[in-house]
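What's in protein.txt: compact mmCIF, C-alpha atoms (C1' of nucleotides)
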```txt
# COMPACT_ATOMS: atom_id res chain seq x y z
CA MET A 20 -83.16 17.34 -70.86
CA GLU A 21 -84.44 14.46 -72.95
CA ASP A 22 -86.12 16.98 -75.22
CA ARG A 23 -82.85 18.39 -76.36
CA ILE A 24 -81.48 15.09 -77.53
CA VAL A 25 -84.69 14.21 -79.28
CA CYS A 26 -84.81 17.62 -80.85
CA GLU A 27 -81.24 17.52 -82.05
CA LYS A 28 -82.04 14.34 -83.91
CA ASN A 29 -85.39 15.43 -85.25
CA CYS A 30 -84.79 19.00 -86.26
CA ASN A 31 -83.43 18.63 -89.75
CA HIS A 32 -82.61 22.12 -90.83
CA ASP A 33 -80.72 22.74 -94.06
CA GLU A 34 -77.53 23.44 -92.15
CA ASN A 35 -76.78 22.40 -88.65
CA LEU A 36 -77.84 25.65 -87.07
CA VAL A 37 -77.24 24.48 -83.55
CA CYS A 38 -73.70 23.53 -84.39
CA LEU A 39 -73.07 26.91 -86.00
CA ALA A 40 -74.68 28.75 -83.12
CA LYS A 41 -72.66 26.80 -80.61
CA SER A 42 -69.38 27.56 -82.30
CA ALA A 43 -70.28 31.25 -82.49
CA MET A 44 -71.07 31.42 -78.77
CA LEU A 45 -69.39 34.08 -76.71
CA PRO A 46 -66.85 32.82 -74.19
CA ASP A 47 -68.66 32.30 -70.94
CA SER A 48 -66.42 34.77 -69.13
CA ASP A 49 -67.42 37.50 -71.57
CA VAL A 50 -71.08 36.66 -71.16
CA GLN A 51 -70.72 36.84 -67.43
CA ARG A 52 -68.95 40.17 -67.42
CA LEU A 53 -71.36 41.66 -69.93
CA ALA A 54 -74.32 40.58 -67.86
CA GLU A 55 -72.76 41.95 -64.69
CA MET A 56 -72.13 45.30 -66.28
CA PHE A 57 -75.68 45.62 -67.58
CA LYS A 58 -77.05 44.43 -64.28
CA ILE A 59 -75.27 47.31 -62.58
CA LEU A 60 -77.03 49.70 -64.93
CA GLY A 61 -80.31 47.88 -64.46
CA ASP A 62 -81.35 49.56 -61.24
CA PRO A 63 -83.20 52.88 -60.93
CA THR A 64 -81.20 54.05 -57.93
CA ARG A 65 -77.88 53.44 -59.61
CA ILE A 66 -79.05 55.09 -62.81
CA LYS A 67 -80.06 58.13 -60.81
CA ILE A 68 -76.74 58.24 -59.00
CA LEU A 69 -74.75 57.98 -62.20
CA HIS A 70 -76.90 60.55 -63.90
CA SER A 71 -76.69 62.93 -60.96
CA LEU A 72 -72.93 62.69 -61.12
CA THR A 73 -72.64 63.66 -64.77
CA GLY A 74 -70.80 66.98 -64.88
CA ARG A 75 -70.88 67.26 -61.12
CA GLU A 76 -69.35 65.77 -58.04
CA LEU A 77 -71.47 65.16 -54.97
CA CYS A 78 -70.97 63.92 -51.45
CA VAL A 79 -73.00 61.03 -50.10
CA CYS A 80 -75.51 63.10 -48.21
CA ASP A 81 -76.09 65.37 -51.20
CA LEU A 82 -76.79 62.32 -53.30
CA ALA A 83 -79.18 61.05 -50.66
CA GLU A 84 -80.92 64.41 -50.59
CA THR A 85 -81.00 64.63 -54.38
CA LEU A 86 -82.51 61.19 -54.79
CA GLY A 87 -84.76 61.48 -51.75
CA MET A 88 -83.37 58.34 -50.20
CA GLY A 89 -81.59 57.29 -47.04
CA GLN A 90 -77.85 57.71 -46.62
CA SER A 91 -77.31 54.02 -46.06
CA ALA A 92 -79.03 52.95 -49.23
CA ILE A 93 -76.94 55.39 -51.24
CA SER A 94 -73.77 54.29 -49.54
CA HIS A 95 -74.46 50.64 -50.32
CA GLN A 96 -75.04 51.42 -53.96
CA LEU A 97 -71.96 53.60 -54.14
CA ARG A 98 -69.94 50.70 -52.84
CA MET A 99 -71.22 48.63 -55.71
CA LEU A 100 -70.55 51.34 -58.27
CA LYS A 101 -67.10 51.80 -56.78
CA SER A 102 -66.26 48.12 -57.02
CA TYR A 103 -67.09 48.21 -60.71
CA ARG A 104 -65.03 51.34 -61.23
CA LEU A 105 -68.02 53.38 -62.32
CA VAL A 106 -67.49 56.04 -59.69
CA LYS A 107 -64.42 57.31 -57.90
CA TYR A 108 -64.14 59.40 -54.76
CA ARG A 109 -61.99 61.80 -52.86
CA LYS A 110 -62.19 62.61 -49.18
CA GLU A 111 -62.56 66.14 -47.97
CA GLY A 112 -62.74 66.38 -44.21
CA LYS A 113 -65.64 64.28 -43.08
CA GLU A 114 -67.19 64.21 -46.50
CA VAL A 115 -66.57 61.69 -49.24
CA ILE A 116 -67.12 63.22 -52.61
CA TYR A 117 -68.02 61.01 -55.53
CA SER A 118 -67.69 61.53 -59.24
CA LEU A 119 -67.91 59.43 -62.39
CA ASP A 120 -64.96 57.22 -63.13
CA ASP A 121 -65.83 55.73 -66.45
CA ALA A 122 -66.67 57.64 -69.60
CA HIS A 123 -67.79 54.53 -71.49
CA ILE A 124 -70.67 54.05 -69.13
CA LEU A 125 -72.01 57.48 -69.99
CA GLY A 126 -71.98 56.39 -73.59
CA LEU A 127 -74.04 53.36 -72.69
CA LEU A 128 -76.46 55.48 -70.68
CA CYS A 129 -76.91 57.88 -73.59
CA MET A 130 -77.39 55.03 -76.02
CA GLY A 131 -79.96 53.58 -73.69
CA LEU A 132 -81.77 56.90 -73.51
CA ASP A 133 -81.76 57.13 -77.29
CA HIS A 134 -83.25 53.71 -77.44
CA ILE A 135 -86.12 54.30 -75.05
CA ASN A 136 -86.91 57.63 -76.66
CA HIS A 137 -86.80 56.57 -80.30
CA GLN A 138 -89.40 53.93 -79.95
CA MET B 12 -84.26 60.88 -42.98
CA GLU B 13 -83.20 63.45 -40.41
CA ASP B 14 -79.71 63.33 -41.90
CA ARG B 15 -80.87 64.79 -45.12
CA ILE B 16 -82.43 67.84 -43.58
CA VAL B 17 -79.47 68.43 -41.31
CA CYS B 18 -77.10 67.97 -44.19
CA GLU B 19 -78.96 70.30 -46.49
CA LYS B 20 -78.56 73.03 -43.94
CA ASN B 21 -74.99 72.29 -43.03
CA CYS B 22 -73.40 71.56 -46.37
CA ASN B 23 -72.48 75.01 -47.57
CA HIS B 24 -71.11 74.48 -51.02
CA ASP B 25 -70.36 77.44 -53.25
CA GLU B 26 -73.47 76.78 -55.31
CA ASN B 27 -76.44 74.80 -54.26
CA LEU B 28 -75.33 71.57 -55.84
CA VAL B 29 -78.26 69.59 -54.58
CA CYS B 30 -80.66 72.07 -56.10
CA LEU B 31 -78.87 71.90 -59.44
CA ALA B 32 -78.68 68.14 -59.35
CA LYS B 33 -82.35 67.90 -58.51
CA SER B 34 -83.40 70.10 -61.39
CA ALA B 35 -81.22 68.10 -63.77
CA MET B 36 -82.76 64.80 -62.70
CA LEU B 37 -84.13 62.53 -65.36
CA PRO B 38 -87.89 62.12 -65.35
CA ASP B 39 -88.72 59.13 -63.24
CA SER B 40 -90.42 57.37 -66.11
CA ASP B 41 -87.22 57.57 -68.15
CA VAL B 42 -85.17 56.26 -65.26
CA GLN B 43 -87.56 53.38 -64.87
CA ARG B 44 -87.54 52.44 -68.52
CA LEU B 45 -83.78 52.75 -68.76
CA ALA B 46 -83.29 50.51 -65.76
CA GLU B 47 -85.76 47.97 -67.10
CA MET B 48 -83.98 47.84 -70.41
CA PHE B 49 -80.56 47.34 -68.85
CA LYS B 50 -81.97 44.78 -66.45
CA ILE B 51 -83.13 42.74 -69.40
CA LEU B 52 -79.58 42.75 -70.71
CA GLY B 53 -78.22 41.99 -67.27
CA ASP B 54 -78.74 38.26 -67.34
CA PRO B 55 -76.34 35.68 -68.81
CA THR B 56 -79.08 33.54 -70.29
CA ARG B 57 -80.69 36.45 -72.10
CA ILE B 58 -77.33 37.68 -73.34
CA LYS B 59 -76.64 34.24 -74.73
CA ILE B 60 -80.03 34.06 -76.39
CA LEU B 61 -79.66 37.46 -78.01
CA HIS B 62 -76.14 36.70 -79.12
CA SER B 63 -77.13 33.32 -80.51
CA LEU B 64 -79.81 35.03 -82.55
CA THR B 65 -77.48 37.51 -84.21
CA GLY B 66 -77.48 36.70 -87.91
CA ARG B 67 -79.52 33.58 -87.35
CA GLU B 68 -83.00 32.49 -86.45
CA LEU B 69 -83.53 29.57 -84.12
CA CYS B 70 -86.43 27.62 -82.71
CA VAL B 71 -86.90 27.19 -78.99
CA CYS B 72 -85.42 23.75 -78.75
CA ASP B 73 -82.40 24.74 -80.81
CA LEU B 74 -81.80 27.62 -78.42
CA ALA B 75 -82.14 25.22 -75.50
CA GLU B 76 -79.67 22.87 -77.12
CA THR B 77 -77.29 25.68 -78.00
CA LEU B 78 -77.27 27.11 -74.49
CA GLY B 79 -77.37 23.71 -72.80
CA MET B 80 -80.49 24.56 -70.85
CA GLY B 81 -84.00 23.27 -70.44
CA GLN B 82 -86.75 24.18 -72.88
CA SER B 83 -88.86 25.75 -70.17
CA ALA B 84 -86.18 28.10 -68.95
CA ILE B 85 -85.55 29.30 -72.49
CA SER B 86 -89.23 29.73 -73.14
CA HIS B 87 -89.68 31.84 -70.02
CA GLN B 88 -86.82 34.09 -71.02
CA LEU B 89 -88.09 34.36 -74.57
CA ARG B 90 -91.41 35.52 -73.21
CA MET B 91 -89.59 38.30 -71.41
CA LEU B 92 -87.52 39.23 -74.45
CA LYS B 93 -90.68 39.17 -76.53
CA SER B 94 -92.54 41.50 -74.20
CA TYR B 95 -89.74 44.03 -74.51
CA ARG B 96 -89.71 43.69 -78.29
CA LEU B 97 -86.16 42.38 -78.34
CA VAL B 98 -87.08 39.25 -80.22
CA LYS B 99 -89.81 38.41 -82.66
CA TYR B 100 -91.07 35.05 -83.84
CA ARG B 101 -92.80 33.22 -86.60
CA LYS B 102 -94.52 29.87 -86.41
CA GLU B 103 -93.65 27.04 -88.70
CA GLY B 104 -95.64 23.95 -88.04
CA LYS B 105 -95.04 22.91 -84.47
CA GLU B 106 -91.96 25.04 -84.16
CA VAL B 107 -91.75 28.66 -83.12
CA ILE B 108 -88.76 30.35 -84.67
CA TYR B 109 -87.25 33.36 -82.97
CA SER B 110 -85.08 36.15 -84.32
CA LEU B 111 -83.88 39.54 -83.18
CA ASP B 112 -86.39 42.34 -83.34
CA ASP B 113 -84.35 45.33 -82.32
CA ALA B 114 -81.18 46.54 -83.95
CA HIS B 115 -80.45 49.11 -81.23
CA ILE B 116 -79.98 46.35 -78.70
CA LEU B 117 -77.23 44.85 -80.79
CA GLY B 118 -75.52 48.22 -80.66
CA LEU B 119 -75.75 48.19 -76.89
CA LEU B 120 -74.40 44.65 -76.76
CA CYS B 121 -71.46 45.58 -78.94
CA MET B 122 -70.76 48.69 -76.93
CA GLY B 123 -70.86 46.59 -73.79
CA LEU B 124 -68.40 44.13 -75.30
CA ASP B 125 -66.11 46.99 -76.25
CA HIS B 126 -66.26 48.19 -72.71
CA ILE B 127 -65.41 44.93 -71.00
CA ASN B 128 -62.61 44.27 -73.47
CA HIS B 129 -60.96 47.69 -73.43
CA GLN B 130 -60.34 47.70 -69.72
C1' DC C 12 -60.55 64.46 -24.95
C1' DT C 13 -65.30 64.33 -26.03
C1' DA C 14 -69.20 65.25 -28.79
C1' DA C 15 -71.02 65.72 -33.30
C1' DC C 16 -71.11 64.70 -37.89
C1' DG C 17 -70.59 62.21 -42.44
C1' DT C 18 -69.85 57.79 -44.03
C1' DA C 19 -69.44 52.72 -44.13
C1' DT C 20 -71.00 48.28 -42.93
C1' DG C 21 -73.36 43.94 -41.18
C1' DA C 22 -77.64 41.86 -40.18
C1' DA C 23 -82.38 41.55 -41.16
C1' DT C 24 -86.20 41.93 -44.09
C1' DA C 25 -88.82 42.30 -48.08
C1' DT C 26 -89.01 41.67 -52.77
C1' DA C 27 -87.65 40.23 -57.33
C1' DT C 28 -85.83 36.87 -60.27
C1' DA C 29 -84.26 32.41 -62.67
C1' DT C 30 -84.92 27.74 -63.11
C1' DT C 31 -87.30 23.43 -62.63
C1' DC C 32 -91.29 20.49 -62.64
C1' DA C 33 -95.63 19.24 -64.11
C1' DT C 34 -99.05 20.16 -67.08
C1' DT C 35 -101.56 22.18 -70.93
C1' DC C 36 -102.10 23.83 -75.60
C1' DG C 37 -101.82 23.56 -80.56
C1' DT C 38 -100.14 21.32 -84.59
C1' DT C 39 -98.96 17.50 -87.23
C1' DT C 40 -98.75 12.80 -88.58
C1' DG C 41 -99.78 8.01 -88.65
C1' DC D 26 -109.13 10.36 -84.25
C1' DA D 27 -105.20 9.35 -81.37
C1' DA D 28 -100.43 9.75 -80.44
C1' DA D 29 -96.33 12.48 -80.60
C1' DC D 30 -93.99 16.54 -80.57
C1' DG D 31 -92.62 21.53 -79.78
C1' DA D 32 -93.80 25.28 -77.10
C1' DA D 33 -96.06 27.92 -73.36
C1' DT D 34 -97.43 28.46 -68.72
C1' DG D 35 -98.35 28.32 -63.55
C1' DA D 36 -96.69 26.91 -59.25
C1' DA D 37 -92.85 26.01 -56.45
C1' DT D 38 -88.27 26.64 -55.08
C1' DA D 39 -83.91 28.62 -54.64
C1' DT D 40 -81.28 32.54 -54.98
C1' DA D 41 -80.13 37.34 -55.51
C1' DT D 42 -80.97 41.99 -54.55
C1' DA D 43 -82.42 46.62 -52.46
C1' DT D 44 -83.48 48.98 -48.51
C1' DT D 45 -83.70 49.78 -43.64
C1' DC D 46 -82.00 49.67 -39.01
C1' DA D 47 -78.53 49.78 -35.80
C1' DT D 48 -74.03 50.48 -35.10
C1' DA D 49 -69.10 51.34 -35.88
C1' DC D 50 -65.46 54.15 -37.89
C1' DG D 51 -62.80 58.32 -38.88
C1' DT D 52 -62.50 63.23 -38.84
C1' DT D 53 -63.33 67.63 -37.01
C1' DA D 54 -64.79 71.13 -33.67
C1' DG D 55 -65.53 72.62 -29.15
```
Since I need it in another form, could you write the structure as structure tokens?
Amino acid sequence: MEDRIVCEKNCNHDENLVCLAKSAMLPDSDVQRLAEMFKILGDPTRIKILHSLTGRELCVCDLAETLGMGQSAISHQLRMLKSYRLVKYRKEGKEVIYSLDDAHILGLLCMGLDHINHQ
Amino acid sequence: MEDRIVCEKNCNHDENLVCLAKSAMLPDSDVQRLAEMFKILGDPTRIKILHSLTGRELCVCDLAETLGMGQSAISHQLRMLKSYRLVKYRKEGKEVIYSLDDAHILGLLCMGLDHINHQ
DNA sequence: CTAACGTATGAATATATATTCATTCGTTTG
DNA sequence: CAAACGAATGAATATATATTCATACGTTAG
């Protein structure tokens, strides 16, 4: 805490970089939403679910089977993905069939793949 | 666990969706790296750091001052960003000055911003 | 109506993560 | 050389998160 005050006084850059940086800061609400969105994508299980649902719709138990995980774990993650509008669902008898809801996210996934491959 | 086996036998879709989905699965290493990358972006502090460093280079204490956080917290996050090659640094006297190292990440950030704004 | 099935959910647990505190390291300056 | 400063780091703490377990819910089939 003290450091910052000391530093602000002592760092004598040509321009007041801190001042510039502060004024260019993203609104906190944007930062928060950005971070939340990336956090959703930052989990292997959710990545697998989203990827499995590209060009396909699958029920919960098929997703569980595909990923080799328990039904409950998948269901919990689907709830999360649902709440962020990344997947949608329709009911068919006892089954609940999920599919992708957001095309943008696919773009982000692809861009991410590009990134990890080209480097 | 049992569920999956039961389900595989009982779900009689036209095609074997699970089989298709399984064969289309991303290699686990890719999934892992993708998730790691997004996880890095999934934190407000790191988003702020990366955004503050766009078009600017800043020393640790300036970042701390800009974000209104302690020097140690910033330093820990910078270590993380460094290890994923998202920021680079140069030393100048006692200061360590950080800047962005990866242009792709900016693309992802922008795409993320687009997404949260257009919806 | 009852049993069986697919799904959802709450509680519990294990694990990961961010921040703070205290300290150390390296450089500079008096 | 000693003091001061910026930065890095390890330990500790608080918090978030993913998965499992047990159970409840809704639908369908017998």
Please determine the contact residues of chain B with respect to chain D at a cut-off of 10 Å, counting all atoms listed in the file, and supply them as number ranges by chain.
-> B: 70-72, 82-83, 86-87, 90, 104-107
Could you please tell me, as an MDAnalysis selection string, which residues of chain C have an atom within 8 Å of chain A when using all atoms listed in the file?
-> chainID C and resid 16:19
Given only C-alpha atoms as the counted atoms, nearest of B:Phe49, B:Asp41, B:Arg101, B:Cys30 to chain A | B:Phe49
Which one of A:Thr85, A:Ser48, A:Asn35, A:Thr73 sits closest to chain B if you count only C-alpha atoms?
-> A:Thr85
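Atom pair CA of Tyr109 in chain B / CA of Leu69 in chain B has a distance of 5.4 Å (rounded to one decimal).
Take CA of Pro63 in chain A and CA of Ser110 in chain B: the distance between them is 28.8 Å.
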